[in-house]
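Asker: My questions will all concern the structure given below.
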Amino acid sequence: MTTDQPQEQPATTPPPRAPAAETLRPAAPVPAQRPGKPQPSPAPTPTPSKPTPPRPAAAPVPATGEPTPRRPAAAPVPTQRPGEPAPAATRPGSAAPPPGAAAAPPKAPGAPPTPAEAPRPPAGAPANPPATASTPADKLAKPAAGPSATLADPPANPTAGPSATPADTSTKSTAEPSATPADTSTKPSATPAEASPSPAGAAPDPAGASAQPAAAPPMSEAARAARLTVALEDEAGAAPADSGWRRFLRVTGRRRSAVPARELVGVGVAVPRPPDTSVSAPGALDTPADSSEATPSVRLKEPLPSERPANAPPDPWTAFATTKDRQPGRIRRAIRAVGRALIHEYAVVTYIAVALAVAMTWPTLQYPLHTLPQDLGDPARQAWQVAWSGHILLTDPVKLWQANAFFPQPNSFAFGDSLLGYAPAGMLGHGPLAAALRYNILFVLAHALLLIGAYALVRQLGAGRTGAAVAAVAFAYAPWRLAQEGHLDIISAGGIPLALAMLARGHGWSMRRGYRRTHRSVAWAAAGWLVAAWQISLGFSLGLPFLGVLALILLVLLIRVPIRWLRRPFERPVLGWRLLAADTIGPLVVACVAALTAIPYFRGGDTSTATAEIKFFSPPLRSLLIGPAESRLWGGAHQVPRSSLSWPAEMSLLPGFVLYALALAGLAFSIWTLWQRLLLLAGLAVTTILTLGTNFFDGRWTYLPLFGHLPASVGVRIPGRLMVWTTLLLAILAAGAVAEFVRRAENWAEQRVPPWPSPWLRLATLIPLALVLLEGWPSTAHPVVPAQPAAMRTVTGPMLVLPTAELTDQMIMFWSTTRFQQIANGSGGPASAHQAEMRKNVVTFPDAASIQYLKSQGINTVVLLRKYVAGTPWERSGDVPVDALGISREDLDDAVLFRLNQPPTTTQPGTGTQPGTGVQPGTGTQPGEGPGVLPGTTTQPGIGTTTQPGVGTTTQPGVGTTTPPGGLFPIQGNQPGNLPPGGPPGAV
């Protein structure tokens with residue numbers, strides 16, 4: 001037998017609804033059955049034999065009161081296939097009937113099928129239709145798939161079961177407004193558990209309905225058809241709004257939420273209102289219809305109030321509500337910010353740099369009050385410079401450049417690199433002990449700044465941590481730099497790479513990533529210009545070439561920024577007005593600092609150029625392969641080639657053979673691009689040519705046009721100090737090679753199992769770092785500073801301290817840091833000629849000519865240090881009678897004081913000098929010291945500086961140091977017969 005399939009409504013336009021008064025009411029109200037309780041067995045009802053026609057128009061209710069369905073009931077269609085057992089009465093997946101339930105009576109032969117046995121499949125559909133439907137209307141019109149799924153199959157538990165899902169509940173709430181628990185088989189959608197019989201569900205029972213529990217009497221076929229029609233109309237009306245969303249759910253396999261945001265209470269049919277059932281509960285709409293309480297229209301559920309009334313008592317349950325975390329206060333935020341800063345990458349680099357500087361300069365901080373690194377010449381003078389700048393800025397800043405030394409020369413503080421940037425440190429403490437401690441701390445921190453600045457620059461350019469670490473160590477501890485340990489202004493070059501790194505960071509530029517507008521920072525750019533100004537204030541030996549590099553950077557900005565502004569309009573502005581302001585004010589600040597610092601240098605008495613000294617100090621090409629004597633690795637090995645150099649201290653320019661190898665590898669194996677490598681190679685060639693000075697085409701087109709016309713006081717007379725730029729470029733090339741090696745090692749490690757580098761591979765990436773560090777291992781001497789004579793703490797100036805020499809005067813300047821009295825002693829810079837003339841005129845002191853010369857210079861006091869006059873022209877000056885010279889003499893414990901503007905005083909009996917000796921009792925040479933030997937300058941362990949009695953020479957293999965008679969202050973690098981024009985280059 002075939003039945004007509006009900007017509008589906010279009011999904012876009014809902015069908016016209018009949019008036020609420022014409023809706024079909026059931027013949028008798030069906031009592032509501034609570035979910036979860038057993039239902040009585042349904043009574044057999046007659047089934048119309050006529051098949052269900054297509055949906056007709058709504059018919060009026062007959063006068064007799066019998067409800068007329070909108071469409072005739074469909075004819076029963078057997079669901080059992082030929083040869084299959086009788087299907088079970090329960091829905092697949094429902095619970096089995098409880099034991100002891102009454103069995104349904106057997107059906108008489110030829111009796112019509114019951115509603116439970118007569119499902120209504122669509123016309124022309126197979127016996128077992130698919131479990132799902134293509135549209136929501138199909139889900140309602142088609143019964144659930146399965147051999148025993150019928151319209152009247154009641155489940156054992158309408159709200160639970162293996163196939164009950166939240167989506168089923170949501171669909172039921174809108175599609176079956178008056179479905180009873182007995183009609184839950186008309187659920188529009190079927191889950192997989194409902195589509196096929198499961199072992200746990202109801203299986204075909206040959207006994208028929210005898211195993212089913214008692215259920216409520218079923219509704220009539222007409223009422224069921226009317227209810228299905230209303231559900232189809234509602235589903236068709238809601239289909240346009242939900243069709244896209246449900247289609248998405250079908251594609252993705254997700255189901256709708258069990259409880260919709262706003263639910264329907266009724267859909268134009270008689271819906272009873274259970275007093276204890278919420279409209280959002282799954283079984284709220286599965287109650288039997290009540291003709292007396294019909295809802296003619298759709299009514300939305302009112303939202304619950306979100307706020308309590310004003311007169312309501314406080315809710316006690318708010319104490320358990322979720323509250324927001326309390327925001328930390330300023331102190332806690334500051335502590336957290338400091339904690340994050342302490343573990344930042346550059347903070348860790350700073351810790352490592354300081355620790356490594358202490359280790360590589362040891363024993364500088366072992367006895368920081370009593371020793372100085374390298375020698376007692378330039379370090380002592382530079383310690384005086386730092387002390388003077390701090391002292392005069394606190395007392396009389398106007399006289400900054402009128403130092404107490406070199407009296408009566410004007411602008412004497414400009415006789416060398418001023419180290420003015422260290423003036424804040426000079427404000428702390430006074431006296432020689434404080435000066436030594438201050439110098440040693442600055443010496444160690446300068447090495448740390450070298451490493452920090454180089455690391456920051458290479459990291460900003462785009463290299464990794466390992467590559468940046470190798471470059472930083474190679475730059476900070478290059479072997480050639482060990483020969484400059486006595487020059488704090490040359491060691492203090494860390495501000496150069498640090499300023500370049502800050503400027504690159506402020507402009508958002510990197511070699512590896514190019515220009516990035518989002519990484520610009522005005523603060524970093526301003527900080528870079530300030531650091532550059534600080535570096536210029538330390539001196540012009542390195543500051544003047546650095547000014548040229550900064551000018552080149554500004555020239556590139558002036559060319560590249562307009563071009564980028566024209567070619568890329570979408571990136572305007574390129575820099576922004578704040579960054580442009582920083583790039584305008586910053587260079588002006590740097591230029592002002594350089595100009596104010598340079599004015600005293602050009603006002604000096606000696607304005608002659610340093611062309612002769614430049615030619616003398618220009619190193620040959622082979623010097624780039626010769627290590628200094630202070631290198632523990634190459635000092636002894638390069639002793640012979642080093643002896644062929646005219647001034648080994650300034651010509652041993654080896655940057656490191658490991659650095660050479662890594663830079664050579666970086667030309668072919670690097671993270672930098674080819675053009676970047678070629679640019680670095682070109683810069684390396686330029687800096688190398690400038691380093692050679694006049695040894696490359698006599699310097700006519702290289703060094704002399706740039707620096708040959710400047711005064712000698714500016715301090716650019718030694719071309720070898722430009723090696724700092726050569727080393728920096730070599731370090732950048734080496735960092736590219738190391739970073740590429742690390743990158744490939746990490747890529748190879750990702751293919752391993754487990755995918756991380758092995759310990760041996762990690763150690764292999766650190767081999768270049770260890771080799772560079774080993775090559776920079778120093779063996780720097782640390783001589784003991786002689787004690788300050790008591791006369792230097794009591795006598796006022798202007799005065800001359802004897803003995804005087806080019807090197808001993810630097811220690812006298814160091815001793816003057818207690819009172820900063822005016823002294824005629826001084827060493828270095830353009831005053832060398834004047835100082836040499838003064839020493840020549842006072843070599844016969846005390847006599848009439850020398851006294852007249854000293855008075856003409858404004859000097860009225862002479863102090864003769866007995867301890868250091870042995871072997872000098874003034875060895876017997878303390879024994880010469882002075883009564884006829886018109887001066888006075890006073891014997892002190894450790895010195896003899898001559899006053900040139902006072903008449904001689906009468907000598908008391910027993911207080912004069914012994915005839916022929918001139919030595920006060922108890923003030924002679926102590927046993928074991930030897931004549932004129934300063935305490936602590938005899939032997940240092942591992943240094944090899946030993947003074948032979950009566951000879952006055954200091955022997956150190958490969959160093960070639962000598963000590964002039966009378967001074968016995970060890971100097972470094974002075975080869976006999978190779979003095980530069982104007983004397984030894986004591987000034988830096």
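Chain labels follow the order of the structure tokens: the first chain is A, the next B, and so on; residue numbering restarts at 1 in every chain, and ligands are counted from 1 in their shown order.
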To test your reading of the structure, identify every residue in segment 438-546 of chain A that backbone DSSP assigns to helix (DSSP H, G or I), and report it as number ranges by chain.

Answerer: A: 438-461, 465-476, 479-484, 488-491, 495-506, 522-538, 540-546

Asker: Restricting the output to C-alpha atoms, write the selected residues as a tab-separated table (two decimals), in the first residue's frame.

Answerer:
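Output below, filename result.tsv:
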```
chain	number	residue	atom	x	y	z
A	438	ARG	CA	89.08	55.92	41.11
A	439	TYR	CA	91.38	55.20	38.19
A	440	ASN	CA	91.37	51.45	38.76
A	441	ILE	CA	87.57	51.31	38.94
A	442	LEU	CA	87.23	53.36	35.76
A	443	PHE	CA	89.84	51.14	34.11
A	444	VAL	CA	87.77	48.01	34.81
A	445	LEU	CA	84.46	49.63	33.87
A	446	ALA	CA	85.95	50.85	30.59
A	447	HIS	CA	86.67	47.25	29.61
A	448	ALA	CA	83.12	46.27	30.55
A	449	LEU	CA	81.70	49.14	28.46
A	450	LEU	CA	83.71	47.95	25.47
A	451	LEU	CA	82.00	44.58	25.63
A	452	ILE	CA	78.53	45.98	26.31
A	453	GLY	CA	78.71	48.50	23.48
A	454	ALA	CA	79.98	46.01	20.90
A	455	TYR	CA	77.37	43.44	21.93
A	456	ALA	CA	74.54	45.97	21.67
A	457	LEU	CA	75.68	47.15	18.24
A	458	VAL	CA	76.03	43.69	16.71
A	459	ARG	CA	72.72	42.57	18.20
A	460	GLN	CA	71.00	45.65	16.78
A	461	LEU	CA	72.49	44.93	13.38
A	465	ARG	CA	73.46	36.14	20.88
A	466	THR	CA	76.38	33.83	20.18
A	467	GLY	CA	77.63	35.88	17.26
A	468	ALA	CA	77.25	39.12	19.22
A	469	ALA	CA	79.14	37.65	22.16
A	470	VAL	CA	82.06	36.61	19.94
A	471	ALA	CA	82.18	40.03	18.32
A	472	ALA	CA	82.02	41.82	21.68
A	473	VAL	CA	84.85	39.81	23.22
A	474	ALA	CA	86.98	40.18	20.09
A	475	PHE	CA	86.47	43.94	20.13
A	476	ALA	CA	87.00	44.45	23.87
A	479	PRO	CA	95.60	41.74	21.50
A	480	TRP	CA	96.62	45.17	20.14
A	481	ARG	CA	94.58	46.83	22.88
A	482	LEU	CA	96.77	45.26	25.57
A	483	ALA	CA	99.59	47.63	24.60
A	484	GLN	CA	97.21	50.54	25.32
A	488	LEU	CA	92.57	55.21	29.72
A	489	ASP	CA	91.37	57.45	26.89
A	490	ILE	CA	92.08	54.68	24.35
A	491	ILE	CA	90.56	51.98	26.53
A	495	GLY	CA	80.84	54.69	23.92
A	496	ILE	CA	81.47	54.49	20.16
A	497	PRO	CA	79.64	51.20	19.44
A	498	LEU	CA	77.09	51.92	22.16
A	499	ALA	CA	76.12	55.26	20.61
A	500	LEU	CA	75.89	53.68	17.16
A	501	ALA	CA	73.67	50.92	18.54
A	502	MET	CA	71.33	53.44	20.19
A	503	LEU	CA	71.09	55.56	17.06
A	504	ALA	CA	70.30	52.49	14.94
A	505	ARG	CA	67.68	51.39	17.45
A	506	GLY	CA	66.13	54.85	17.59
A	522	VAL	CA	62.88	59.03	19.88
A	523	ALA	CA	64.22	58.18	23.34
A	524	TRP	CA	66.81	55.77	21.99
A	525	ALA	CA	67.90	58.25	19.32
A	526	ALA	CA	68.30	61.04	21.88
A	527	ALA	CA	70.23	58.70	24.17
A	528	GLY	CA	72.53	57.81	21.27
A	529	TRP	CA	73.39	61.45	20.62
A	530	LEU	CA	74.06	62.02	24.33
A	531	VAL	CA	76.39	59.02	24.52
A	532	ALA	CA	78.17	60.29	21.42
A	533	ALA	CA	78.67	63.69	23.09
A	534	TRP	CA	80.03	61.96	26.21
A	535	GLN	CA	82.48	59.97	24.09
A	536	ILE	CA	83.72	63.17	22.41
A	537	SER	CA	84.33	64.74	25.83
A	538	LEU	CA	86.83	62.03	26.74
A	540	PHE	CA	90.01	63.78	20.48
A	541	SER	CA	92.30	60.82	19.91
A	542	LEU	CA	89.22	58.70	19.24
A	543	GLY	CA	86.64	61.48	19.31
A	544	LEU	CA	87.76	63.24	16.17
A	545	PRO	CA	87.42	60.15	13.89
A	546	PHE	CA	84.10	59.43	15.61
```

Asker: Mind pulling up the distance from atom CA of Ile563 of chain A to atom CA of Ala591 of chain A?

Answerer: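 Atom-to-atom, atom CA of Ala591 of chain A to atom CA of Ile563 of chain A, that is 26.4 Å.
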
Asker: For segment 820-844 of chain A versus segment 373-394 of chain A, which residues have an atom no more than 10 Å away, and what is each residue's nearest atom pair and distance in Å rounded to one decimal, using only C-alpha atoms, chain-then-number order, as a Markdown table?

Answerer:
```
| residue | atom | partner | partner_atom | distance |
| --- | --- | --- | --- | --- |
| A:Phe820 | CA | A:Trp388 | CA | 7.7 |
| A:Gly826 | CA | A:Arg381 | CA | 8.9 |
| A:Ser827 | CA | A:Arg381 | CA | 8.2 |
| A:Gly828 | CA | A:Asp378 | CA | 9.0 |
```

Asker: Store the residues of this selection in a file with N, CA, C and O atoms, as a short mmCIF file (atom, residue, chain, number, x, y, z; two decimals), in the first residue's frame.

Answerer:
```cif
data_model
loop_
_atom_site.label_atom_id
_atom_site.label_comp_id
_atom_site.auth_asym_id
_atom_site.auth_seq_id
_atom_site.Cartn_x
_atom_site.Cartn_y
_atom_site.Cartn_z
N PHE A 820 96.37 70.32 45.29
CA PHE A 820 96.33 70.90 43.93
C PHE A 820 97.06 72.25 43.92
O PHE A 820 96.59 73.23 43.35
N GLY A 826 105.41 68.96 34.89
CA GLY A 826 104.36 68.50 33.99
C GLY A 826 104.98 67.73 32.85
O GLY A 826 106.18 67.86 32.56
N SER A 827 104.16 66.88 32.23
CA SER A 827 104.69 66.04 31.16
C SER A 827 103.60 65.82 30.13
O SER A 827 102.43 65.60 30.47
N GLY A 828 104.06 65.86 28.87
CA GLY A 828 103.17 65.49 27.78
C GLY A 828 102.65 66.68 27.02
O GLY A 828 102.70 67.84 27.45
#
```

Asker: Please, what distance in Å, to one decimal, runs between atom CA of Asn825 of chain A and atom CA of Ser856 of chain A?

Answerer: 15.7 Å

Asker: Find the residues around Ala663 of chain A up to 9 Å (only C-alpha atoms counted), leave out those fewer than 5 positions away in its own chain, and share them as a list in words.

Answerer: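 Everything that qualifies: Val658, Leu729, Leu730, Ala731, Ile732, Leu733, Ala734, Ala735, Gly736 and Ala737 of chain A.
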
Asker: Just to confirm, what's the straight-line distance from atom CA of His834 of chain A to atom CA of Glu650 of chain A in Å (one decimal)?

Answerer: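 Straight-line distance from atom CA of His834 of chain A to atom CA of Glu650 of chain A works out to 24.7 Å.
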
Asker: List the neighbours of Ile718 of chain A out to 12 Å using only C-alpha atoms; skip same-chain residues closer than 4 positions along the sequence, and give me the result as JSON, numbers by chain.

Answerer: {"A": [490, 540, 541, 542, 610, 611, 612, 613, 614, 615, 616, 617, 618, 619, 647, 649, 650, 651, 690, 691, 692, 693, 694, 703, 704, 707, 708, 712, 713, 714, 722, 723, 980, 985, 987, 988]}

Asker: Could you save the residues just selected, with N, CA and C atoms, as a short mmCIF file (atom, residue, chain, number, x, y, z; two decimals), in the first residue's frame?

Answerer:
```
data_model
loop_
_atom_site.label_atom_id
_atom_site.label_comp_id
_atom_site.auth_asym_id
_atom_site.auth_seq_id
_atom_site.Cartn_x
_atom_site.Cartn_y
_atom_site.Cartn_z
N ILE A 490 92.19 55.64 25.45
CA ILE A 490 92.08 54.68 24.35
C ILE A 490 91.25 53.46 24.78
N PHE A 540 90.08 63.74 21.93
CA PHE A 540 90.01 63.78 20.48
C PHE A 540 90.82 62.68 19.80
N SER A 541 91.55 61.91 20.55
CA SER A 541 92.30 60.82 19.91
C SER A 541 91.36 59.85 19.22
N LEU A 542 90.26 59.52 19.86
CA LEU A 542 89.22 58.70 19.24
C LEU A 542 87.99 59.52 18.90
N ALA A 610 101.42 68.29 13.70
CA ALA A 610 102.08 67.07 14.16
C ALA A 610 102.50 66.19 13.01
N THR A 611 102.88 66.79 11.87
CA THR A 611 103.24 65.98 10.71
C THR A 611 104.47 65.12 10.98
N ALA A 612 105.44 65.66 11.67
CA ALA A 612 106.66 64.89 11.95
C ALA A 612 106.37 63.71 12.87
N GLU A 613 105.53 63.92 13.89
CA GLU A 613 105.18 62.83 14.79
C GLU A 613 104.30 61.80 14.10
N ILE A 614 103.44 62.25 13.18
CA ILE A 614 102.60 61.30 12.44
C ILE A 614 103.48 60.36 11.62
N LYS A 615 104.51 60.91 10.97
CA LYS A 615 105.40 60.06 10.19
C LYS A 615 106.19 59.10 11.08
N PHE A 616 106.56 59.57 12.27
CA PHE A 616 107.32 58.70 13.16
C PHE A 616 106.47 57.54 13.68
N PHE A 617 105.22 57.80 14.04
CA PHE A 617 104.37 56.79 14.65
C PHE A 617 103.56 55.97 13.63
N SER A 618 103.71 56.22 12.33
CA SER A 618 102.96 55.45 11.34
C SER A 618 103.50 54.02 11.29
N PRO A 619 102.64 53.02 11.52
CA PRO A 619 103.12 51.64 11.57
C PRO A 619 103.24 51.04 10.18
N TRP A 647 108.56 51.91 17.39
CA TRP A 647 107.86 52.20 18.65
C TRP A 647 106.86 51.08 18.89
N ALA A 649 105.12 49.95 21.32
CA ALA A 649 103.91 50.16 22.10
C ALA A 649 102.76 50.68 21.24
N GLU A 650 103.07 51.42 20.18
CA GLU A 650 102.02 51.98 19.32
C GLU A 650 101.97 51.31 17.96
N MET A 651 102.80 50.29 17.74
CA MET A 651 102.83 49.65 16.43
C MET A 651 102.55 48.16 16.47
N LEU A 690 93.99 54.07 6.59
CA LEU A 690 94.17 55.18 7.50
C LEU A 690 95.04 54.80 8.69
N THR A 691 94.94 53.54 9.13
CA THR A 691 95.76 53.09 10.25
C THR A 691 97.25 53.10 9.91
N LEU A 692 97.59 52.85 8.65
CA LEU A 692 99.00 52.82 8.24
C LEU A 692 99.61 54.22 8.17
N GLY A 693 98.81 55.27 8.25
CA GLY A 693 99.34 56.63 8.27
C GLY A 693 100.06 57.00 7.00
N THR A 694 101.30 57.41 7.13
CA THR A 694 102.09 57.86 5.97
C THR A 694 102.78 56.71 5.26
N TYR A 703 95.79 59.96 5.29
CA TYR A 703 95.77 60.42 6.68
C TYR A 703 96.08 61.91 6.80
N LEU A 704 97.05 62.39 6.08
CA LEU A 704 97.46 63.78 6.25
C LEU A 704 96.39 64.78 5.85
N PHE A 707 94.00 64.68 9.07
CA PHE A 707 94.48 65.02 10.41
C PHE A 707 95.83 65.73 10.43
N GLY A 708 96.50 65.84 9.31
CA GLY A 708 97.83 66.41 9.32
C GLY A 708 97.86 67.89 9.57
N ALA A 712 99.13 69.69 17.18
CA ALA A 712 99.60 68.47 17.82
C ALA A 712 98.87 68.21 19.12
N SER A 713 98.34 69.25 19.74
CA SER A 713 97.65 69.07 21.01
C SER A 713 96.34 68.33 20.88
N VAL A 714 95.81 68.25 19.68
CA VAL A 714 94.53 67.55 19.51
C VAL A 714 94.69 66.06 19.77
N LEU A 722 93.64 54.26 15.20
CA LEU A 722 92.45 54.02 14.38
C LEU A 722 92.17 52.53 14.22
N MET A 723 92.99 51.71 14.81
CA MET A 723 92.76 50.27 14.76
C MET A 723 91.45 49.90 15.44
N PRO A 980 110.88 60.07 19.75
CA PRO A 980 110.20 60.87 18.73
C PRO A 980 110.57 62.32 18.85
N PRO A 985 106.58 60.21 23.80
CA PRO A 985 105.16 60.58 23.75
C PRO A 985 104.47 60.22 25.05
N ALA A 987 102.43 62.12 26.63
CA ALA A 987 101.04 62.58 26.59
C ALA A 987 100.27 61.80 25.58
N VAL A 988 99.02 61.60 25.91
CA VAL A 988 98.16 60.80 25.04
C VAL A 988 97.27 61.73 24.25
#
```
